[in-house]
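Okay, structure first, notes after.
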Amino acid sequence: MTWARHQDEVRAAQRLRFDVFAAEMGARLTTPIAGHDVDLFDDYCEHLLVRDAQSQQVIGTYRVLTPAQARRVGGTYSDTEFDLTRLRTLRPRMVELGRSCVHPDHRHGGVIMALWSALADFMVRNQLDTMIGCASIPMLHNGVVSGDAAASIWQQVRKTHLAAIEYHVLPRLPLPVEHLDSSIAVEPPALIKGYLRLGARVLGAPAWDPDFNTADLPMLMRLADLHPRYRKHFLGA
């Protein structure tokens, strides 16, 4: 588990992201480097890497945008998808998590738990207390491209995990949930389920990201809300 210190380490993370988002999930990426997922936020982010013990290949990654770097770049990636006006009081101690992905051969709890442990340590070390990000739901469901699964997941989580109204945000390109079948019995993606178990909250209705062909749920996790079961594991308290 390392934080990227050199450009070649960032490139390894960007290659993994390209393989997962473009090759596996069909995202249409506008990238200056073939075979890599690169955007304007990357140069401002810290990149967390998990490597395979034998091959040293990067098998998991997150990128983290700190409050100071968000000010330098002019906002967060989430700002491009949502109006985050109501989060303005949180921004001084708020990081954005993004571009989370794990190599398909390593999608078990161990890699994600390792990433989350390192993120918790980073938050405490830098005296930060809030994490936000866009959690993606694929538009492809049972081989058919539609937003029905995403609309159904939104209807589930809004009943159980919706944040207080003072933190609600608005999608810039809303998923048209009122025109979709939101009654499908479908499980949220593993990453979203994991966030909710930790104590994360959903900040509002999903945005549609046509490039990644996903519905993105705005999510917020505050260390103060971390479920007691995980508090000792991640914070040692």
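Scheme for the structure tokens: letters A, B, ... for chains in order shown; per-chain residue numbers from 1; ligand numbers from 1 in order shown.
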TODO: Might you pull out every residue within 6 Å of Ser152 of chain A, with only C-alpha atoms counted and same-chain residues fewer than 3 positions away left off, and present them as a PyMOL selection string?
DONE: chain A and resi 149+155+182-184
Open item on the list: When you look at Asp43 of chain A with a cut-off of 10 Å (counting only C-alpha atoms), what residues show up, excluding the ones that are within fewer than 3 positions of it in the same chain? I need them as a ChimeraX atom specification.
Closed with: /A:7,10,38-40,46-47,65,69,73
- [ ] For His141 of chain A, list every protein, DNA or RNA residue within 12 Å, evaluated using only C-alpha atoms, and leave out those in the same chain fewer than 3 positions away; present the list as a PyMOL selection string.
- [x] chain A and resi 25+137-138+144-152+184-189+213-215
Given the selection you just returned, output its residues as a file containing N, CA and C atoms, formatted as a tab-separated table (two decimals), in the first residue's frame.
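Output (out.tsv):
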chain	number	residue	atom	x	y	z
A	25	MET	N	-15.87	-1.50	-18.73
A	25	MET	CA	-17.20	-0.92	-18.52
A	25	MET	C	-17.70	-0.07	-19.68
A	137	ILE	N	-23.19	3.82	-10.53
A	137	ILE	CA	-24.04	2.66	-10.79
A	137	ILE	C	-24.06	2.46	-12.31
A	138	PRO	N	-23.62	1.31	-12.82
A	138	PRO	CA	-23.63	1.11	-14.27
A	138	PRO	C	-25.05	1.21	-14.85
A	144	VAL	N	-28.81	-4.99	-20.84
A	144	VAL	CA	-29.59	-3.93	-21.47
A	144	VAL	C	-29.17	-2.58	-20.88
A	145	VAL	N	-28.94	-1.59	-21.76
A	145	VAL	CA	-28.60	-0.26	-21.29
A	145	VAL	C	-29.88	0.47	-20.90
A	146	SER	N	-30.05	0.70	-19.61
A	146	SER	CA	-31.19	1.47	-19.14
A	146	SER	C	-30.85	1.99	-17.76
A	147	GLY	N	-31.59	2.96	-17.30
A	147	GLY	CA	-31.35	3.51	-15.97
A	147	GLY	C	-32.25	2.91	-14.91
A	148	ASP	N	-32.99	1.84	-15.26
A	148	ASP	CA	-33.96	1.29	-14.32
A	148	ASP	C	-33.30	0.80	-13.03
A	149	ALA	N	-32.16	0.12	-13.16
A	149	ALA	CA	-31.47	-0.38	-11.96
A	149	ALA	C	-31.03	0.78	-11.08
A	150	ALA	N	-30.46	1.81	-11.70
A	150	ALA	CA	-30.01	2.98	-10.93
A	150	ALA	C	-31.18	3.67	-10.25
A	151	ALA	N	-32.30	3.81	-10.96
A	151	ALA	CA	-33.49	4.44	-10.37
A	151	ALA	C	-33.99	3.62	-9.19
A	152	SER	N	-33.93	2.30	-9.31
A	152	SER	CA	-34.40	1.42	-8.23
A	152	SER	C	-33.49	1.52	-7.01
A	184	ILE	N	-37.38	-2.36	-9.60
A	184	ILE	CA	-36.61	-3.58	-9.82
A	184	ILE	C	-35.92	-4.00	-8.51
A	185	ALA	N	-35.95	-5.29	-8.23
A	185	ALA	CA	-35.23	-5.81	-7.06
A	185	ALA	C	-33.76	-5.99	-7.45
A	186	VAL	N	-32.94	-4.99	-7.12
A	186	VAL	CA	-31.54	-5.01	-7.52
A	186	VAL	C	-30.68	-4.54	-6.35
A	187	GLU	N	-29.53	-5.19	-6.20
A	187	GLU	CA	-28.61	-4.82	-5.12
A	187	GLU	C	-27.74	-3.65	-5.57
A	188	PRO	N	-27.45	-2.72	-4.67
A	188	PRO	CA	-26.48	-1.67	-5.02
A	188	PRO	C	-25.11	-2.29	-5.28
A	189	PRO	N	-24.27	-1.63	-6.09
A	189	PRO	CA	-22.90	-2.12	-6.29
A	189	PRO	C	-22.18	-2.30	-4.95
A	213	ASN	N	-21.21	6.33	-18.89
A	213	ASN	CA	-22.44	5.54	-18.98
A	213	ASN	C	-22.84	4.98	-17.61
A	214	THR	N	-22.84	5.88	-16.62
A	214	THR	CA	-23.21	5.52	-15.26
A	214	THR	C	-24.19	6.54	-14.69
A	215	ALA	N	-24.91	6.11	-13.67
A	215	ALA	CA	-25.65	7.04	-12.82
A	215	ALA	C	-24.80	7.23	-11.56
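With only C-alpha atoms as the atoms that count, the minimum distance from Asp121 of chain A to the choices A:Leu170, A:Ala200, A:Leu235, A:Ala224 is reached by A:Leu235.
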Task: Spatial neighbours of Arg172 of chain A, max dist 7 Å, only C-alpha atoms, sep filter under 3 positions, as an NGL selection string - done: :A and (81-83 or 207)
Open item on the list: Env of Asp129 of chain A: 12 Å cut, atoms = only C-alpha atoms, seq-sep filter 6 positions within chain, self excluded. Answer as an MDAnalysis selection string.
Closed with: chainID A and resid 66:67 90:96 119:123 220:226 235
Let me see the file: selected residues, N, CA and C atoms, as a JSON list (two decimals), in the first residue's frame.
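Now in part.json:
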[["chain", "number", "residue", "atom", "x", "y", "z"],
["A", 66, "THR", "N", -7.44, 17.09, -1.88],
["A", 66, "THR", "CA", -7.49, 17.76, -0.58],
["A", 66, "THR", "C", -8.15, 19.14, -0.71],
["A", 67, "PRO", "N", -8.58, 19.73, 0.41],
["A", 67, "PRO", "CA", -9.20, 21.07, 0.33],
["A", 67, "PRO", "C", -8.27, 22.10, -0.32],
["A", 90, "LEU", "N", -18.53, 22.74, 4.84],
["A", 90, "LEU", "CA", -17.72, 21.54, 5.09],
["A", 90, "LEU", "C", -16.38, 21.58, 4.36],
["A", 91, "ARG", "N", -16.28, 22.42, 3.33],
["A", 91, "ARG", "CA", -15.13, 22.35, 2.41],
["A", 91, "ARG", "C", -13.76, 22.50, 3.07],
["A", 92, "PRO", "N", -13.59, 23.33, 4.10],
["A", 92, "PRO", "CA", -12.23, 23.48, 4.66],
["A", 92, "PRO", "C", -11.61, 22.19, 5.17],
["A", 93, "ARG", "N", -12.43, 21.19, 5.52],
["A", 93, "ARG", "CA", -11.89, 19.91, 6.03],
["A", 93, "ARG", "C", -12.45, 18.73, 5.25],
["A", 94, "MET", "N", -12.79, 18.96, 3.98],
["A", 94, "MET", "CA", -13.45, 17.96, 3.14],
["A", 94, "MET", "C", -12.54, 17.53, 2.01],
["A", 95, "VAL", "N", -12.34, 16.22, 1.87],
["A", 95, "VAL", "CA", -11.60, 15.69, 0.72],
["A", 95, "VAL", "C", -12.60, 15.03, -0.23],
["A", 96, "GLU", "N", -12.19, 14.99, -1.49],
["A", 96, "GLU", "CA", -12.99, 14.25, -2.47],
["A", 96, "GLU", "C", -12.25, 12.97, -2.84],
["A", 119, "LEU", "N", -6.87, 5.43, 3.69],
["A", 119, "LEU", "CA", -7.61, 6.70, 3.60],
["A", 119, "LEU", "C", -7.93, 7.25, 4.99],
["A", 120, "ALA", "N", -8.35, 6.38, 5.91],
["A", 120, "ALA", "CA", -8.66, 6.81, 7.27],
["A", 120, "ALA", "C", -7.42, 7.40, 7.93],
["A", 121, "ASP", "N", -6.29, 6.74, 7.74],
["A", 121, "ASP", "CA", -5.03, 7.24, 8.29],
["A", 121, "ASP", "C", -4.68, 8.61, 7.71],
["A", 122, "PHE", "N", -4.89, 8.78, 6.41],
["A", 122, "PHE", "CA", -4.62, 10.05, 5.73],
["A", 122, "PHE", "C", -5.50, 11.16, 6.30],
["A", 123, "MET", "N", -6.78, 10.85, 6.52],
["A", 123, "MET", "CA", -7.71, 11.84, 7.06],
["A", 123, "MET", "C", -7.28, 12.31, 8.45],
["A", 220, "LEU", "N", -21.58, 11.25, 1.00],
["A", 220, "LEU", "CA", -20.80, 11.96, 2.01],
["A", 220, "LEU", "C", -20.54, 11.02, 3.18],
["A", 221, "MET", "N", -19.28, 11.02, 3.63],
["A", 221, "MET", "CA", -18.89, 10.21, 4.78],
["A", 221, "MET", "C", -18.13, 11.11, 5.74],
["A", 222, "ARG", "N", -18.64, 11.23, 6.95],
["A", 222, "ARG", "CA", -17.95, 12.01, 7.97],
["A", 222, "ARG", "C", -17.36, 11.04, 9.00],
["A", 223, "LEU", "N", -16.13, 11.29, 9.41],
["A", 223, "LEU", "CA", -15.49, 10.37, 10.36],
["A", 223, "LEU", "C", -16.32, 10.26, 11.64],
["A", 224, "ALA", "N", -17.00, 11.33, 12.01],
["A", 224, "ALA", "CA", -17.83, 11.31, 13.23],
["A", 224, "ALA", "C", -18.99, 10.33, 13.10],
["A", 225, "ASP", "N", -19.39, 10.03, 11.85],
["A", 225, "ASP", "CA", -20.53, 9.14, 11.61],
["A", 225, "ASP", "C", -20.09, 7.69, 11.36],
["A", 226, "LEU", "N", -18.79, 7.44, 11.44],
["A", 226, "LEU", "CA", -18.29, 6.10, 11.17],
["A", 226, "LEU", "C", -18.93, 5.10, 12.13],
["A", 235, "LEU", "N", -9.76, 3.75, 12.86],
["A", 235, "LEU", "CA", -9.24, 4.91, 13.61],
["A", 235, "LEU", "C", -8.49, 4.51, 14.87]]
Open item on the list: Residues within 10 Å of Ala135 of chain A, please, as a list in words. Count only C-alpha atoms; anything in the same chain fewer than 5 positions from it doesn't count.
Closed with: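 Close residues of Ala135 of chain A: Leu97, Gly98, Arg99, Ser100, Pro189, Leu191, Ile192, Tyr195, Val202, Pro206, Thr214, Ala215, Asp216, Leu217, Pro218 and Met219 of chain A.
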Task: Given only C-alpha atoms as the counted atoms, nearest of A:Leu140, A:Pro174, A:His36, A:Arg107 to Ala190 of chain A - done: A:Arg107
Open item on the list: I'd like to know which of A:Arg201, A:Ser78, A:Ala22, A:Arg28 is closest to His168 of chain A, using only C-alpha atoms.
Closed with: A:Arg201
TODO: Name the residues of segment 28-108 of chain A that fall into strand (DSSP E or B) according to DSSP on the backbone, using the chain letters and numbers of this document, as JSON, numbers by chain.
DONE: {"A": [46, 47, 48, 49, 50, 51, 58, 59, 60, 61, 62, 63, 64, 65, 82, 83, 94, 95, 96, 97, 98, 99, 100, 101, 102]}
Task: Selected residue, from A:Ala70, A:Arg86, A:Tyr77, A:Asp211, that lies nearest to Thr31 of chain A when counting only C-alpha atoms - done: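 For Thr31 of chain A, the nearest of the given residues is A:Asp211.
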- [ ] Please report, as a ChimeraX atom specification, each residue of segment 6-142 of chain A to which DSSP assigns alpha helix (DSSP H) when run on this structure's backbone.
- [x] /A:7-18,67-73,77-81,109-125
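Distances from A:Lys193, A:Arg71, A:Arg63, A:His233 to Gln14 of chain A were compared using only C-alpha atoms, and the smallest one belongs to A:Arg63.
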